[in-house]
Each structure stands twice: as C-alpha cells, then as structure tokens.
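Note: the block below is protein36.txt and it holds compact mmCIF, C-alpha atoms.
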# COMPACT_ATOMS: atom_id res chain seq x y z
CA CYS A 1 115.13 56.95 92.58
CA ARG A 2 116.10 60.24 94.21
CA VAL A 3 118.93 62.66 93.54
CA GLU A 4 121.71 62.23 96.08
CA PRO A 5 122.32 65.40 98.09
CA GLY A 6 125.39 67.51 97.47
CA GLY A 7 127.03 68.24 94.16
CA TRP A 8 124.86 66.45 91.61
CA ALA A 9 122.51 67.61 88.86
CA CYS A 10 120.14 65.07 87.36
CA GLY A 11 117.96 64.90 84.32
CA ALA A 12 117.98 61.72 82.23
CA THR A 13 121.45 61.10 83.73
CA CYS A 14 123.28 62.51 86.73
CA SER A 15 126.50 64.52 86.54
CA PRO A 16 128.58 66.53 89.01
CA THR A 17 127.77 70.22 89.41
CA CYS A 18 131.05 72.04 88.74
CA ALA A 19 131.81 75.19 90.80
CA ASP A 20 129.57 74.29 93.74
CA GLY A 21 132.53 73.64 96.06
CA LEU A 22 131.89 69.89 96.34
CA ARG A 23 134.27 67.50 94.56
CA VAL A 24 132.18 64.53 93.45
CA GLY A 25 132.14 62.04 90.59
CA ASN A 26 134.86 62.63 88.01
CA GLU A 27 135.74 66.20 89.11
CA ALA A 28 139.51 66.57 89.56
CA CYS A 29 138.92 69.74 91.62
CA ASP A 30 136.11 72.08 92.66
CA ASP A 31 137.02 75.45 94.17
CA SER A 32 133.51 76.98 94.17
CA ASN A 33 134.03 79.23 91.14
CA ILE A 34 134.48 79.26 87.36
CA THR A 35 137.43 81.66 87.44
CA ALA A 36 140.24 80.76 85.02
CA ASN A 37 143.91 80.71 86.03
CA ASP A 38 143.29 80.05 89.72
CA GLY A 39 144.23 76.37 89.61
CA CYS A 40 140.82 74.78 89.03
CA SER A 41 139.24 75.42 85.63
CA SER A 42 135.60 76.20 84.85
CA THR A 43 135.21 72.52 83.93
CA CYS A 44 136.63 71.31 87.27
CA THR A 45 139.98 70.11 85.93
CA VAL A 46 143.33 71.02 87.48
CA GLU A 47 145.08 73.67 85.39
CA ILE A 48 148.67 73.23 84.18
CA GLY A 49 151.23 74.37 86.77
CA TRP A 50 148.84 74.00 89.71
CA SER A 51 148.03 71.43 92.37
CA CYS A 52 144.67 71.19 94.14
CA ALA A 53 143.93 69.43 97.42
CA GLY A 54 141.50 69.30 100.26
CA GLY A 55 138.38 68.90 98.18
CA SER A 56 135.79 66.45 99.36
CA PHE A 57 132.05 66.11 99.71
CA LEU A 58 132.12 68.78 102.44
CA ASN A 59 135.11 70.99 101.56
CA LYS A 60 136.11 72.95 98.46
CA ASP A 61 139.56 72.50 96.96
CA THR A 62 142.48 74.81 97.67
CA CYS A 63 144.75 75.21 94.66
CA THR A 64 148.38 76.34 94.75
CA THR A 65 151.02 76.73 92.10
CA VAL A 66 153.70 74.07 91.78
CA CYS A 67 156.86 75.92 92.76
CA GLY A 68 159.99 74.39 91.25
CA ASP A 69 158.42 73.10 88.04
CA GLY A 70 159.95 75.83 85.86
CA MET A 71 156.57 77.31 84.92
CA LEU A 72 155.51 80.74 86.15
CA PHE A 73 151.87 80.77 87.30
CA GLY A 74 149.66 82.60 89.77
CA PRO A 75 151.50 84.52 92.47
CA GLU A 76 154.94 83.12 91.57
CA VAL A 77 157.52 85.86 90.95
CA CYS A 78 160.11 83.37 89.72
CA ASP A 79 160.40 79.61 89.15
CA ASP A 80 163.88 78.36 88.38
CA GLU A 81 163.04 74.65 88.24
CA ASN A 82 164.26 73.88 91.74
CA ARG A 83 163.39 74.41 95.37
CA VAL A 84 166.73 75.75 96.59
CA ASP A 85 167.33 79.03 98.41
CA GLY A 86 170.38 81.19 97.66
CA ASP A 87 170.16 81.10 93.86
CA GLY A 88 167.91 84.14 93.34
CA CYS A 89 164.57 82.36 93.57
CA THR A 90 163.40 81.03 96.95
CA VAL A 91 161.78 77.68 97.73
CA THR A 92 158.43 79.53 97.66
CA CYS A 93 159.09 81.10 94.22
CA THR A 94 159.72 84.63 95.43
CA LYS A 95 162.70 86.74 94.40
CA GLU A 96 165.60 86.87 96.84
CA PRO A 97 167.13 90.24 97.76
CA PHE A 98 169.81 91.59 95.42
CA TYR A 99 168.75 89.40 92.49
CA GLU A 100 166.92 90.27 89.28
CA CYS A 101 164.64 87.69 87.65
CA THR A 102 164.10 87.43 83.91
CA SER A 103 161.96 85.11 81.82
CA VAL A 104 163.55 82.94 79.19
CA ALA A 105 161.41 81.86 76.25
CA THR A 106 161.72 78.20 75.35
Can you dump the structure from the file as structure tokens?
Amino acid sequence: CRVEPGGWACGATCSPTCADGLRVGNEACDDSNITANDGCSSTCTVEIGWSCAGGSFLNKDTCTTVCGDGMLFGPEVCDDENRVDGDGCTVTCTKEPFYECTSVAT
C-alpha cells in the first residue's frame, strides 16, 4: 500500500487534507486556505450563502456569494431576494444609483 499523491493524509486510515487546494474524498470545497467567511470553511464545507465551483484534483475551488437568495454575504452590498435590475439592487447585488439600501431583521 502507498499513499495516493495529491490531497491525502494517511496514518491508520486515509483522509482528505483540507486547505491544500485539492478537492478529494468527501470535501465539498477546497480553496487552499482555512479563512472563515470566504465561501469554503476551515473544514472544507461550503458556507451558507455561498457557492463553490471549479475544484478538482488539480484546481482549487472558487467561491462566490449567491446573489438573489436574500442573504447578505461577502462583497454583496444588497440582496433583495431577486436578480432583477431597476429595483435598487442589481443582478450582481450592488446598489443602483439613487437608491439607499437598508437591512431588515427577520
């Protein structure tokens, strides 16, 4: 038996190495770091309000916020639960000119 190259740590059993930039095994994401609130957690799970894609054996994940879900995360300035321009919050969750955005507690 030998340890497979790329993304695994083995002792008595083998498990994925989180934060190495290689999505393997049961990792839902791996963005090469253990930074919180960037989409991929320190335990290689996708954080609420984010989507991660592109990760594979050779490429780290890229995580982006889910604009239009009504939750304000990351670089979003607003998120009004839709992806429609002309209502104050753009399809990319940035504030439109001449509008003011406020948060509403639920």
- Task: Pick out the closest residue to Ala36 in chain A from this set: A:Asp61, A:Gly74, A:Thr92, A:Asp87. Count all atoms listed in the file.
- Result: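 Among A:Asp61, A:Gly74, A:Thr92, A:Asp87, it is A:Gly74 that comes nearest to Ala36 in chain A.
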- Close residues, Ile48 in chain A itself excluded, 9 Å, all atoms listed in the file, min 4 positions apart in chain, as a list in words: Gly39, Thr65, Met71 and Phe73 of chain A
Do you have, as a tab-separated table, the list of residues of range 34-71 of chain A lying at most 7 Å from range 10-30 of chain A, each with its nearest atom pair and that distance in Å to one decimal, counting all atoms listed in the file and ordered by chain then number?
residue	atom	partner	partner_atom	distance
A:Ile34	CA	A:Ala19	CA	6.0
A:Cys40	CA	A:Cys29	CA	6.0
A:Thr43	CA	A:Cys18	CA	6.4
A:Cys44	CA	A:Cys29	CA	5.2
A:Thr45	CA	A:Ala28	CA	5.1
A:Val46	CA	A:Cys29	CA	6.2
A:Cys52	CA	A:Cys29	CA	6.4
A:Gly55	CA	A:Arg23	CA	5.7
A:Ser56	CA	A:Arg23	CA	5.1
A:Phe57	CA	A:Leu22	CA	5.1
A:Leu58	CA	A:Leu22	CA	6.2
A:Asn59	CA	A:Leu22	CA	6.2
A:Lys60	CA	A:Gly21	CA	4.4
A:Asp61	CA	A:Asp30	CA	5.5
- Go through A:Pro97, A:Ser32, A:Glu47, A:Gly68 and flag the residue nearest Val84 in chain A, using all atoms listed in the file for the distances.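 Smallest separation from Val84 in chain A among the options: A:Gly68.
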- Task: Report the distance between CA of Thr90 in chain A and CA of Cys63 in chain A in Å, rounded to one decimal place.
- Result: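 These two atoms are separated by 19.7 Å.
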- Query: For Ala53 in chain A, which residue out of A:Tyr99, A:Asp38, A:Thr94, A:Asp31 is the nearest one, using only C-alpha atoms?
  - Reply: A:Asp31
- Between CA of Val91 in chain A and CA of Thr64 in chain A, measure the distance and give it in Å to one decimal. 13.8 Å
- Query: Counting only C-alpha atoms, which of A:Gly49, A:Gly54, A:Thr62, A:Phe98 gets nearest to Asp79 in chain A?
  - Reply: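 Of the candidates, the smallest distance to Asp79 in chain A is held by A:Gly49.
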- Between CA of Trp50 in chain A and CA of Asn82 in chain A, what is the spacing in Å?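 Taking CA of Asn82 in chain A and CA of Trp50 in chain A, their separation equals 15.6 Å.
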